file model-v3.pdb (PDB, C-alpha atoms and all ligand atoms)
ATOM      1  CA  MET A   1     -60.947  54.970   2.471  1.00  0.00           C
ATOM      2  CA  ARG A   2     -58.682  52.133   1.481  1.00  0.00           C
ATOM      3  CA  GLU A   3     -57.886  49.013   3.477  1.00  0.00           C
ATOM      4  CA  TYR A   4     -54.634  47.152   3.238  1.00  0.00           C
ATOM      5  CA  LYS A   5     -53.998  43.658   4.482  1.00  0.00           C
ATOM      6  CA  ILE A   6     -50.332  43.449   5.469  1.00  0.00           C
ATOM      7  CA  VAL A   7     -48.843  40.082   6.391  1.00  0.00           C
ATOM      8  CA  VAL A   8     -45.708  39.806   8.547  1.00  0.00           C
ATOM      9  CA  ILE A   9     -43.934  36.520   7.904  1.00  0.00           C
ATOM     10  CA  GLY A  10     -40.561  35.085   8.949  1.00  0.00           C
ATOM     11  CA  GLY A  11     -38.789  32.533  11.089  1.00  0.00           C
ATOM     12  CA  MET A  12     -39.300  31.846  14.771  1.00  0.00           C
ATOM     13  CA  GLY A  13     -37.942  34.668  16.883  1.00  0.00           C
ATOM     14  CA  SER A  14     -37.405  37.026  13.948  1.00  0.00           C
ATOM     15  CA  GLY A  15     -39.556  39.605  15.738  1.00  0.00           C
ATOM     16  CA  LYS A  16     -42.962  39.443  14.018  1.00  0.00           C
ATOM     17  CA  SER A  17     -45.024  39.736  17.199  1.00  0.00           C
ATOM     18  CA  THR A  18     -42.666  42.369  18.589  1.00  0.00           C
ATOM     19  CA  LEU A  19     -42.893  44.439  15.395  1.00  0.00           C
ATOM     20  CA  ILE A  20     -46.678  44.319  15.315  1.00  0.00           C
ATOM     21  CA  ARG A  21     -46.856  45.321  18.981  1.00  0.00           C
ATOM     22  CA  SER A  22     -44.428  48.191  18.314  1.00  0.00           C
ATOM     23  CA  ILE A  23     -46.262  49.517  15.272  1.00  0.00           C
ATOM     24  CA  ALA A  24     -49.736  49.152  16.745  1.00  0.00           C
ATOM     25  CA  ALA A  25     -48.701  50.620  20.117  1.00  0.00           C
ATOM     26  CA  GLY A  26     -51.442  48.932  22.096  1.00  0.00           C
ATOM     27  CA  ALA A  27     -54.455  47.448  20.358  1.00  0.00           C
ATOM     28  CA  VAL A  28     -53.086  44.040  19.456  1.00  0.00           C
ATOM     29  CA  VAL A  29     -54.542  40.569  19.556  1.00  0.00           C
ATOM     30  CA  ASP A  30     -51.926  37.872  19.884  1.00  0.00           C
ATOM     31  CA  THR A  31     -52.005  34.137  20.406  1.00  0.00           C
ATOM     32  CA  ASP A  32     -48.655  33.714  22.115  1.00  0.00           C
ATOM     33  CA  VAL A  33     -48.152  30.795  24.493  1.00  0.00           C
ATOM     34  CA  ALA A  34     -45.151  29.546  26.488  1.00  0.00           C
ATOM     35  CA  ASN A  35     -42.400  28.486  24.107  1.00  0.00           C
ATOM     36  CA  SER A  36     -41.547  24.798  24.436  1.00  0.00           C
ATOM     37  CA  ASP A  37     -38.941  24.953  21.662  1.00  0.00           C
ATOM     38  CA  ARG A  38     -36.135  26.937  23.276  1.00  0.00           C
ATOM     39  CA  LEU A  39     -33.659  25.397  20.843  1.00  0.00           C
ATOM     40  CA  ALA A  40     -35.314  26.973  17.805  1.00  0.00           C
ATOM     41  CA  ALA A  41     -35.590  30.366  19.493  1.00  0.00           C
ATOM     42  CA  ASP A  42     -34.557  31.193  23.036  1.00  0.00           C
ATOM     43  CA  LYS A  43     -37.493  33.304  24.150  1.00  0.00           C
ATOM     44  CA  ALA A  44     -40.372  32.938  26.577  1.00  0.00           C
ATOM     45  CA  THR A  45     -43.337  32.845  24.208  1.00  0.00           C
ATOM     46  CA  THR A  46     -44.240  31.889  20.645  1.00  0.00           C
ATOM     47  CA  THR A  47     -47.235  32.593  18.430  1.00  0.00           C
ATOM     48  CA  VAL A  48     -49.558  29.634  17.780  1.00  0.00           C
ATOM     49  CA  ALA A  49     -52.194  31.127  15.479  1.00  0.00           C
ATOM     50  CA  MET A  50     -51.531  34.720  14.504  1.00  0.00           C
ATOM     51  CA  ASP A  51     -50.994  38.274  15.626  1.00  0.00           C
ATOM     52  CA  TYR A  52     -53.505  40.857  14.561  1.00  0.00           C
ATOM     53  CA  ALA A  53     -53.771  44.617  14.825  1.00  0.00           C
ATOM     54  CA  ASP A  54     -55.649  47.262  12.922  1.00  0.00           C
ATOM     55  CA  ILE A  55     -54.268  50.728  12.522  1.00  0.00           C
ATOM     56  CA  ASP A  56     -56.024  53.839  11.250  1.00  0.00           C
ATOM     57  CA  LEU A  57     -53.698  56.068   9.283  1.00  0.00           C
ATOM     58  CA  PRO A  58     -54.025  59.854   9.459  1.00  0.00           C
ATOM     59  CA  ASN A  59     -55.327  59.951   5.851  1.00  0.00           C
ATOM     60  CA  GLY A  60     -58.243  57.673   6.760  1.00  0.00           C
ATOM     61  CA  ASP A  61     -56.800  54.510   5.286  1.00  0.00           C
ATOM     62  CA  ARG A  62     -56.702  51.404   7.444  1.00  0.00           C
ATOM     63  CA  LEU A  63     -53.978  48.814   7.837  1.00  0.00           C
ATOM     64  CA  ARG A  64     -54.842  45.308   8.925  1.00  0.00           C
ATOM     65  CA  LEU A  65     -51.649  43.689  10.172  1.00  0.00           C
ATOM     66  CA  TYR A  66     -51.424  39.905  10.398  1.00  0.00           C
ATOM     67  CA  GLY A  67     -48.409  38.132  11.908  1.00  0.00           C
ATOM     68  CA  THR A  68     -47.794  34.488  11.120  1.00  0.00           C
ATOM     69  CA  PRO A  69     -46.621  31.880  13.629  1.00  0.00           C
ATOM     70  CA  GLY A  70     -42.955  31.109  12.919  1.00  0.00           C
ATOM     71  CA  GLN A  71     -42.807  27.475  13.969  1.00  0.00           C
ATOM     72  CA  GLN A  72     -42.490  25.140  10.984  1.00  0.00           C
ATOM     73  CA  ARG A  73     -45.331  22.959  12.240  1.00  0.00           C
ATOM     74  CA  PHE A  74     -47.678  25.860  11.522  1.00  0.00           C
ATOM     75  CA  ASP A  75     -46.530  26.367   7.933  1.00  0.00           C
ATOM     76  CA  PHE A  76     -49.972  25.343   6.673  1.00  0.00           C
ATOM     77  CA  LEU A  77     -51.249  28.643   8.082  1.00  0.00           C
ATOM     78  CA  TRP A  78     -48.875  30.816   6.056  1.00  0.00           C
ATOM     79  CA  PRO A  79     -50.729  30.559   2.717  1.00  0.00           C
ATOM     80  CA  VAL A  80     -54.025  30.959   4.584  1.00  0.00           C
ATOM     81  CA  LEU A  81     -52.862  34.231   6.100  1.00  0.00           C
ATOM     82  CA  LEU A  82     -51.155  35.394   2.888  1.00  0.00           C
ATOM     83  CA  ARG A  83     -54.374  35.088   0.916  1.00  0.00           C
ATOM     84  CA  GLY A  84     -55.515  38.498  -0.268  1.00  0.00           C
ATOM     85  CA  ALA A  85     -52.444  40.290   1.106  1.00  0.00           C
ATOM     86  CA  SER A  86     -51.792  43.776  -0.271  1.00  0.00           C
ATOM     87  CA  GLY A  87     -48.198  43.625   0.911  1.00  0.00           C
ATOM     88  CA  VAL A  88     -45.784  41.440   2.836  1.00  0.00           C
ATOM     89  CA  LEU A  89     -43.134  42.258   5.446  1.00  0.00           C
ATOM     90  CA  LEU A  90     -40.597  39.442   5.591  1.00  0.00           C
ATOM     91  CA  LEU A  91     -38.526  39.486   8.793  1.00  0.00           C
ATOM     92  CA  VAL A  92     -35.165  37.780   9.009  1.00  0.00           C
ATOM     93  CA  ASP A  93     -33.193  37.403  12.241  1.00  0.00           C
ATOM     94  CA  GLY A  94     -29.898  38.830  11.018  1.00  0.00           C
ATOM     95  CA  SER A  95     -27.984  37.525  14.038  1.00  0.00           C
ATOM     96  CA  ARG A  96     -28.382  33.900  12.987  1.00  0.00           C
ATOM     97  CA  PRO A  97     -25.711  32.160  10.926  1.00  0.00           C
ATOM     98  CA  ASP A  98     -28.427  30.656   8.703  1.00  0.00           C
ATOM     99  CA  ALA A  99     -29.998  34.042   7.893  1.00  0.00           C
ATOM    100  CA  GLN A 100     -29.293  33.773   4.166  1.00  0.00           C
ATOM    101  CA  ALA A 101     -30.787  30.292   3.814  1.00  0.00           C
ATOM    102  CA  THR A 102     -33.795  31.393   5.833  1.00  0.00           C
ATOM    103  CA  LEU A 103     -34.320  34.407   3.587  1.00  0.00           C
ATOM    104  CA  ALA A 104     -34.143  32.171   0.517  1.00  0.00           C
ATOM    105  CA  SER A 105     -36.735  29.751   1.850  1.00  0.00           C
ATOM    106  CA  TYR A 106     -39.190  32.470   2.881  1.00  0.00           C
ATOM    107  CA  LEU A 107     -38.775  34.254  -0.440  1.00  0.00           C
ATOM    108  CA  GLN A 108     -39.862  31.002  -2.017  1.00  0.00           C
ATOM    109  CA  VAL A 109     -42.949  30.808   0.210  1.00  0.00           C
ATOM    110  CA  VAL A 110     -43.951  34.374  -0.596  1.00  0.00           C
ATOM    111  CA  ARG A 111     -43.225  34.025  -4.290  1.00  0.00           C
ATOM    112  CA  GLN A 112     -45.267  30.842  -4.575  1.00  0.00           C
ATOM    113  CA  HIS A 113     -48.120  32.742  -3.055  1.00  0.00           C
ATOM    114  CA  GLY A 114     -47.965  35.609  -5.530  1.00  0.00           C
ATOM    115  CA  ALA A 115     -44.851  36.941  -7.196  1.00  0.00           C
ATOM    116  CA  ASP A 116     -46.185  40.459  -7.643  1.00  0.00           C
ATOM    117  CA  THR A 117     -47.307  41.142  -4.066  1.00  0.00           C
ATOM    118  CA  PRO A 118     -45.190  44.086  -2.847  1.00  0.00           C
ATOM    119  CA  LEU A 119     -42.559  42.790  -0.461  1.00  0.00           C
ATOM    120  CA  VAL A 120     -39.973  44.318   1.844  1.00  0.00           C
ATOM    121  CA  VAL A 121     -37.375  42.505   3.953  1.00  0.00           C
ATOM    122  CA  GLY A 122     -36.703  43.677   7.508  1.00  0.00           C
ATOM    123  CA  VAL A 123     -33.480  42.394   9.037  1.00  0.00           C
ATOM    124  CA  THR A 124     -33.736  42.314  12.829  1.00  0.00           C
ATOM    125  CA  ARG A 125     -31.395  41.719  15.760  1.00  0.00           C
ATOM    126  CA  LEU A 126     -28.357  43.085  13.951  1.00  0.00           C
ATOM    127  CA  ASP A 127     -27.167  44.743  17.173  1.00  0.00           C
ATOM    128  CA  LEU A 128     -26.396  41.260  18.496  1.00  0.00           C
ATOM    129  CA  LEU A 129     -23.630  40.762  15.935  1.00  0.00           C
ATOM    130  CA  PRO A 130     -20.119  42.088  16.529  1.00  0.00           C
ATOM    131  CA  ALA A 131     -19.918  43.235  12.892  1.00  0.00           C
ATOM    132  CA  PRO A 132     -23.325  43.509  11.283  1.00  0.00           C
ATOM    133  CA  TYR A 133     -23.471  42.487   7.669  1.00  0.00           C
ATOM    134  CA  LEU A 134     -26.254  43.104   5.188  1.00  0.00           C
ATOM    135  CA  ASP A 135     -24.548  42.676   1.844  1.00  0.00           C
ATOM    136  CA  GLY A 136     -25.190  38.946   1.529  1.00  0.00           C
ATOM    137  CA  LEU A 137     -28.848  39.351   2.410  1.00  0.00           C
ATOM    138  CA  ALA A 138     -29.331  42.378   0.159  1.00  0.00           C
ATOM    139  CA  ALA A 139     -27.726  40.573  -2.775  1.00  0.00           C
ATOM    140  CA  GLN A 140     -30.062  37.657  -2.295  1.00  0.00           C
ATOM    141  CA  ALA A 141     -33.278  39.600  -1.894  1.00  0.00           C
ATOM    142  CA  CYS A 142     -34.738  39.309  -5.368  1.00  0.00           C
ATOM    143  CA  VAL A 143     -38.030  38.080  -6.743  1.00  0.00           C
ATOM    144  CA  ASP A 144     -37.805  36.950 -10.353  1.00  0.00           C
ATOM    145  CA  GLY A 145     -34.553  38.857 -10.733  1.00  0.00           C
ATOM    146  CA  VAL A 146     -36.039  42.105  -9.392  1.00  0.00           C
ATOM    147  CA  PRO A 147     -34.319  43.399  -6.229  1.00  0.00           C
ATOM    148  CA  ILE A 148     -36.505  44.133  -3.226  1.00  0.00           C
ATOM    149  CA  PRO A 149     -35.756  46.585  -0.403  1.00  0.00           C
ATOM    150  CA  VAL A 150     -33.818  45.261   2.584  1.00  0.00           C
ATOM    151  CA  VAL A 151     -34.125  47.403   5.699  1.00  0.00           C
ATOM    152  CA  PRO A 152     -32.253  46.926   8.988  1.00  0.00           C
ATOM    153  CA  THR A 153     -34.949  47.043  11.656  1.00  0.00           C
ATOM    154  CA  ASP A 154     -34.996  46.720  15.432  1.00  0.00           C
ATOM    155  CA  ALA A 155     -38.510  45.320  15.884  1.00  0.00           C
ATOM    156  CA  ARG A 156     -38.614  46.642  19.438  1.00  0.00           C
ATOM    157  CA  GLU A 157     -38.336  50.263  18.306  1.00  0.00           C
ATOM    158  CA  ARG A 158     -41.598  51.796  17.168  1.00  0.00           C
ATOM    159  CA  ALA A 159     -39.938  54.338  14.856  1.00  0.00           C
ATOM    160  CA  GLN A 160     -38.017  51.591  13.093  1.00  0.00           C
ATOM    161  CA  GLY A 161     -41.131  49.442  12.711  1.00  0.00           C
ATOM    162  CA  VAL A 162     -43.044  52.371  11.277  1.00  0.00           C
ATOM    163  CA  ARG A 163     -40.209  53.099   8.844  1.00  0.00           C
ATOM    164  CA  LEU A 164     -40.249  49.493   7.614  1.00  0.00           C
ATOM    165  CA  MET A 165     -44.018  49.794   7.129  1.00  0.00           C
ATOM    166  CA  ASP A 166     -43.485  53.064   5.229  1.00  0.00           C
ATOM    167  CA  VAL A 167     -41.070  51.394   2.834  1.00  0.00           C
ATOM    168  CA  LEU A 168     -43.673  48.701   2.144  1.00  0.00           C
ATOM    169  CA  MET A 169     -46.400  51.303   1.590  1.00  0.00           C
ATOM    170  CA  SER A 170     -44.227  53.116  -0.936  1.00  0.00           C
ATOM    171  CA  GLU A 171     -43.693  49.796  -2.737  1.00  0.00           C
ATOM    172  CA  LEU A 172     -47.489  49.445  -2.888  1.00  0.00           C
ATOM    173  CA  GLU A 173     -47.799  52.948  -4.292  1.00  0.00           C
ATOM    174  CA  ALA A 174     -45.047  52.321  -6.833  1.00  0.00           C
ATOM    175  CA  GLN A 175     -46.838  49.206  -8.021  1.00  0.00           C
ATOM    176  CA  ALA A 176     -50.136  51.064  -8.329  1.00  0.00           C
ATOM    177  CA  LEU A 177     -48.404  53.811 -10.353  1.00  0.00           C
ATOM    178  CA  VAL A 178     -46.831  51.300 -12.716  1.00  0.00           C
ATOM    179  CA  ALA A 179     -50.219  49.612 -13.116  1.00  0.00           C
ATOM    180  CA  ARG A 180     -51.841  52.957 -14.013  1.00  0.00           C
ATOM    181  CA  HIS A 181     -49.151  54.229 -16.369  1.00  0.00           C
ATOM    182  CA  GLY A 182     -47.657  51.004 -17.678  1.00  0.00           C
TER     183      GLY A 182
HETATM  184  N1  LIG A 201     -31.514  42.601  20.447  1.00  0.00           N
HETATM  185  C1  LIG A 201     -32.566  42.693  19.636  1.00  0.00           C
HETATM  186  N2  LIG A 201     -33.681  42.005  19.922  1.00  0.00           N
HETATM  187  C2  LIG A 201     -34.715  42.104  19.068  1.00  0.00           C
HETATM  188  C3  LIG A 201     -34.690  42.902  17.900  1.00  0.00           C
HETATM  189  N3  LIG A 201     -35.872  42.766  17.267  1.00  0.00           N
HETATM  190  C4  LIG A 201     -36.600  41.921  18.021  1.00  0.00           C
HETATM  191  N4  LIG A 201     -35.907  41.521  19.122  1.00  0.00           N
HETATM  192  C5  LIG A 201     -36.287  40.564  20.169  1.00  0.00           C
HETATM  193  O1  LIG A 201     -36.363  39.284  19.557  1.00  0.00           O
HETATM  194  C6  LIG A 201     -37.454  38.544  20.076  1.00  0.00           C
HETATM  195  C7  LIG A 201     -38.453  38.254  18.967  1.00  0.00           C
HETATM  196  O2  LIG A 201     -39.537  37.542  19.499  1.00  0.00           O
HETATM  197  P1  LIG A 201     -40.995  37.559  18.845  1.00  0.00           P
HETATM  198  O3  LIG A 201     -41.407  38.931  18.498  1.00  0.00           O
HETATM  199  O4  LIG A 201     -41.861  36.745  19.749  1.00  0.00           O
HETATM  200  O5  LIG A 201     -40.711  36.758  17.492  1.00  0.00           O
HETATM  201  P2  LIG A 201     -41.762  36.104  16.484  1.00  0.00           P
HETATM  202  O6  LIG A 201     -41.204  36.316  15.142  1.00  0.00           O
HETATM  203  O7  LIG A 201     -43.133  36.592  16.759  1.00  0.00           O
HETATM  204  O8  LIG A 201     -41.629  34.547  16.863  1.00  0.00           O
HETATM  205  P3  LIG A 201     -42.710  33.353  16.711  1.00  0.00           P
HETATM  206  O9  LIG A 201     -44.069  33.861  17.069  1.00  0.00           O
HETATM  207  O10 LIG A 201     -42.215  32.335  17.699  1.00  0.00           O
HETATM  208  O11 LIG A 201     -42.595  32.873  15.304  1.00  0.00           O
HETATM  209  C8  LIG A 201     -38.063  39.398  21.188  1.00  0.00           C
HETATM  210  O12 LIG A 201     -37.457  39.007  22.397  1.00  0.00           O
HETATM  211  C9  LIG A 201     -37.648  40.818  20.790  1.00  0.00           C
HETATM  212  O13 LIG A 201     -37.545  41.685  21.888  1.00  0.00           O
HETATM  213  C10 LIG A 201     -33.486  43.630  17.616  1.00  0.00           C
HETATM  214  O14 LIG A 201     -33.342  44.337  16.601  1.00  0.00           O
HETATM  215  N5  LIG A 201     -32.467  43.487  18.523  1.00  0.00           N
HETATM  216 MG    MG A 202     -44.860  35.658  17.154  1.00  0.00          MG
END

call {"tool": "encode", "arguments": {"input": "model-v3.pdb", "output": "structure tokens"}}
result
Amino acid sequence: MREYKIVVIGGMGSGKSTLIRSIAAGAVVDTDVANSDRLAADKATTTVAMDYADIDLPNGDRLRLYGTPGQQRFDFLWPVLLRGASGVLLLVDGSRPDAQATLASYLQVVRQHGADTPLVVGVTRLDLLPAPYLDGLAAQACVDGVPIPVVPTDARERAQGVRLMDVLMSELEAQALVARHG
């Protein structure tokens, strides 16, 4: 049996807690409290420590999912949670005008932590845009010049959350294959 620590990181309101709740379908620990920063994200609650869920896969492997708190004042927790991660899901709220800048700054955070940790970008809330665009984000999603997958994802939809997770798991497998065969 293998265990994977998967960290979900991204800006406030990008859907980290929602995604983890969708994927885990029940057994979730969260630390959400009333949101006092409605300017940064207009929603009722925000995470102050982390989200956590563990998921047993049909093949016996286990996923441990950790969601970071998005508020900048908790950025000291991001490297703590990223430590030992097998893979990272980076969520970007695609409905925000600053989505590209946000992606760039989180890519930096993840890269500083470990450039070769498998990484996938999920772009949420695209249905809120009149004309969804992904090209700019996809063009920008590179680590050390290597493109990384960018997947449109509605964090509220379990099937879409699971698909995003699947893309990350295949990145993990691809990396393991390359490591074995060079
Ligand atoms: N319309 C729409 N709403 C979405 C989508 N994905 C997520 N949401 C909503 O966006 C909000 C995201 O909130 P959270 O899941 O609390 O975000 P978070 O990233 O955990 O935020 P912090 O904990 O504050 O950092 C929720 O209200 C979700 O229902 C999407 O694709 N479309
Ligand atoms: Mg949250």

call {"tool": "closest_residue", "arguments": {"input": "model-v3.pdb", "among": "A:Val162, A:Leu126, A:Ile9, A:Val178", "to": "ligand MG 202 (chain A)", "atoms": "all atoms listed in the file"}}
result
A:Ile9

call {"tool": "closest_residue", "arguments": {"input": "model-v3.pdb", "among": "A:Leu65, A:Gly15, A:Arg180, A:Gly94", "to": "Ala131 (chain A)", "atoms": "all atoms listed in the file"}}
result
A:Gly94

call {"tool": "atom_distance", "arguments": {"input": "model-v3.pdb", "atom1": "atom O10 of ligand LIG 201 (chain A)", "atom2": "CA of Thr47 (chain A)"}}
result
5.1 Å

call {"tool": "resolve_selection", "arguments": {"input": "model-v3.pdb", "expression": "the PyMOL selection byres (((not hetatm)) within 6 of (chain A and resi 202))", "output": "PyMOL selection string"}}
result
chain A and resi 16-17+46-47+69

call {"tool": "residues_around", "arguments": {"input": "model-v3.pdb", "residues": "Leu103 (chain A)", "least_positions_apart": "2", "cutoff": "8 Å", "atoms": "all atoms listed in the file", "output": "MDAnalysis selection string"}}
result
chainID A and resid 92 99:101 105:107 137 140:141

call {"tool": "closest_atom_pairs", "arguments": {"input": "model-v3.pdb", "of": "chain A", "to": "ligand LIG 201 (chain A)", "cutoff": "7 Å", "atoms": "all atoms listed in the file", "output": "Markdown table"}}
result
| residue | atom | partner | partner_atom | distance |
| --- | --- | --- | --- | --- |
| A:Gly10 | CA | A:LIG201 | O6 | 6.3 |
| A:Gly11 | CA | A:LIG201 | O11 | 5.7 |
| A:Met12 | CA | A:LIG201 | O11 | 3.5 |
| A:Gly13 | CA | A:LIG201 | O5 | 3.5 |
| A:Ser14 | CA | A:LIG201 | O6 | 4.0 |
| A:Gly15 | CA | A:LIG201 | O3 | 3.4 |
| A:Lys16 | CA | A:LIG201 | O6 | 3.8 |
| A:Ser17 | CA | A:LIG201 | O7 | 3.7 |
| A:Thr18 | CA | A:LIG201 | O3 | 3.7 |
| A:Leu19 | CA | A:LIG201 | O3 | 6.5 |
| A:Asp32 | CA | A:LIG201 | O9 | 6.8 |
| A:Lys43 | CA | A:LIG201 | O12 | 6.0 |
| A:Thr45 | CA | A:LIG201 | O4 | 6.1 |
| A:Thr46 | CA | A:LIG201 | O10 | 3.6 |
| A:Thr47 | CA | A:LIG201 | O9 | 3.7 |
| A:Val48 | CA | A:LIG201 | O9 | 7.0 |
| A:Thr68 | CA | A:LIG201 | O11 | 6.9 |
| A:Pro69 | CA | A:LIG201 | O11 | 4.5 |
| A:Gly70 | CA | A:LIG201 | O11 | 3.0 |
| A:Gln71 | CA | A:LIG201 | O11 | 5.6 |
| A:Thr124 | CA | A:LIG201 | O14 | 4.3 |
| A:Arg125 | CA | A:LIG201 | O14 | 3.4 |
| A:Leu126 | CA | A:LIG201 | O14 | 5.8 |
| A:Asp127 | CA | A:LIG201 | N5 | 5.6 |
| A:Leu128 | CA | A:LIG201 | N1 | 5.6 |
| A:Thr153 | CA | A:LIG201 | O14 | 5.9 |
| A:Asp154 | CA | A:LIG201 | O14 | 3.1 |
| A:Ala155 | CA | A:LIG201 | N3 | 3.9 |
| A:Arg156 | CA | A:LIG201 | N3 | 5.2 |

call {"tool": "atom_distance", "arguments": {"input": "model-v3.pdb", "atom1": "CA of Val28 (chain A)", "atom2": "CA of Asp54 (chain A)"}}
result
7.7 Å

call {"tool": "resolve_selection", "arguments": {"input": "model-v3.pdb", "expression": "the PyMOL selection byres (((chain A and resi 169) around 12) and not hetatm)", "output": "ChimeraX atom specification"}}
result
/A:3-6,57,61-63,86-89,117-120,149,162-168,170-176

call {"tool": "atom_distance", "arguments": {"input": "model-v3.pdb", "atom1": "CA of Cys142 (chain A)", "atom2": "CA of Arg64 (chain A)"}}
result
25.4 Å

call {"tool": "closest_residue", "arguments": {"input": "model-v3.pdb", "among": "A:Ala44, A:Ala49, A:Leu177, A:Leu90", "to": "Val150 (chain A)", "atoms": "all atoms listed in the file"}}
result
A:Leu90

call {"tool": "closest_residue", "arguments": {"input": "model-v3.pdb", "among": "A:Val29, A:Val121, A:Val151, A:Leu129", "to": "Ala104 (chain A)", "atoms": "all atoms listed in the file"}}
result
A:Val121

call {"tool": "closest_residue", "arguments": {"input": "model-v3.pdb", "among": "A:Pro130, A:Gly114, A:Gly161, A:Pro58", "to": "Val143 (chain A)", "atoms": "all atoms listed in the file"}}
result
A:Gly114

call {"tool": "build_atoms", "arguments": {"input": "model-v3.pdb", "residues": "region 72-88 of chain A", "atoms": "N, CA and C atoms", "output": "CSV table (one decimal), keeping the file's coordinate frame"}}
result
chain,number,residue,atom,x,y,z
A,72,GLN,N,-42.3,25.9,12.2
A,72,GLN,CA,-42.5,25.1,11.0
A,72,GLN,C,-43.8,24.3,11.0
A,73,ARG,N,-44.1,23.8,12.2
A,73,ARG,CA,-45.3,23.0,12.2
A,73,ARG,C,-46.6,23.7,11.9
A,74,PHE,N,-46.5,25.1,11.9
A,74,PHE,CA,-47.7,25.9,11.5
A,74,PHE,C,-47.6,26.4,10.1
A,75,ASP,N,-46.7,25.8,9.3
A,75,ASP,CA,-46.5,26.4,7.9
A,75,ASP,C,-47.8,26.3,7.1
A,76,PHE,N,-48.7,25.4,7.4
A,76,PHE,CA,-50.0,25.3,6.7
A,76,PHE,C,-50.8,26.6,6.8
A,77,LEU,N,-50.5,27.4,7.9
A,77,LEU,CA,-51.2,28.6,8.1
A,77,LEU,C,-50.7,29.8,7.2
A,78,TRP,N,-49.5,29.7,6.8
A,78,TRP,CA,-48.9,30.8,6.1
A,78,TRP,C,-49.7,31.2,4.8
A,79,PRO,N,-49.9,30.2,3.9
A,79,PRO,CA,-50.7,30.6,2.7
A,79,PRO,C,-52.1,31.1,3.1
A,80,VAL,N,-52.7,30.5,4.2
A,80,VAL,CA,-54.0,31.0,4.6
A,80,VAL,C,-54.0,32.4,4.9
A,81,LEU,N,-53.0,32.8,5.7
A,81,LEU,CA,-52.9,34.2,6.1
A,81,LEU,C,-52.4,35.1,4.9
A,82,LEU,N,-51.6,34.6,4.0
A,82,LEU,CA,-51.2,35.4,2.9
A,82,LEU,C,-52.3,35.7,1.9
A,83,ARG,N,-53.3,34.9,1.9
A,83,ARG,CA,-54.4,35.1,0.9
A,83,ARG,C,-54.9,36.5,1.0
A,84,GLY,N,-54.9,37.2,-0.2
A,84,GLY,CA,-55.5,38.5,-0.3
A,84,GLY,C,-54.6,39.6,0.3
A,85,ALA,N,-53.3,39.3,0.5
A,85,ALA,CA,-52.4,40.3,1.1
A,85,ALA,C,-52.2,41.4,0.1
A,86,SER,N,-52.2,42.6,0.6
A,86,SER,CA,-51.8,43.8,-0.3
A,86,SER,C,-50.3,43.9,-0.3
A,87,GLY,N,-49.6,43.5,0.8
A,87,GLY,CA,-48.2,43.6,0.9
A,87,GLY,C,-47.7,42.7,2.0
A,88,VAL,N,-46.4,42.4,1.9
A,88,VAL,CA,-45.8,41.4,2.8
A,88,VAL,C,-44.5,42.0,3.4
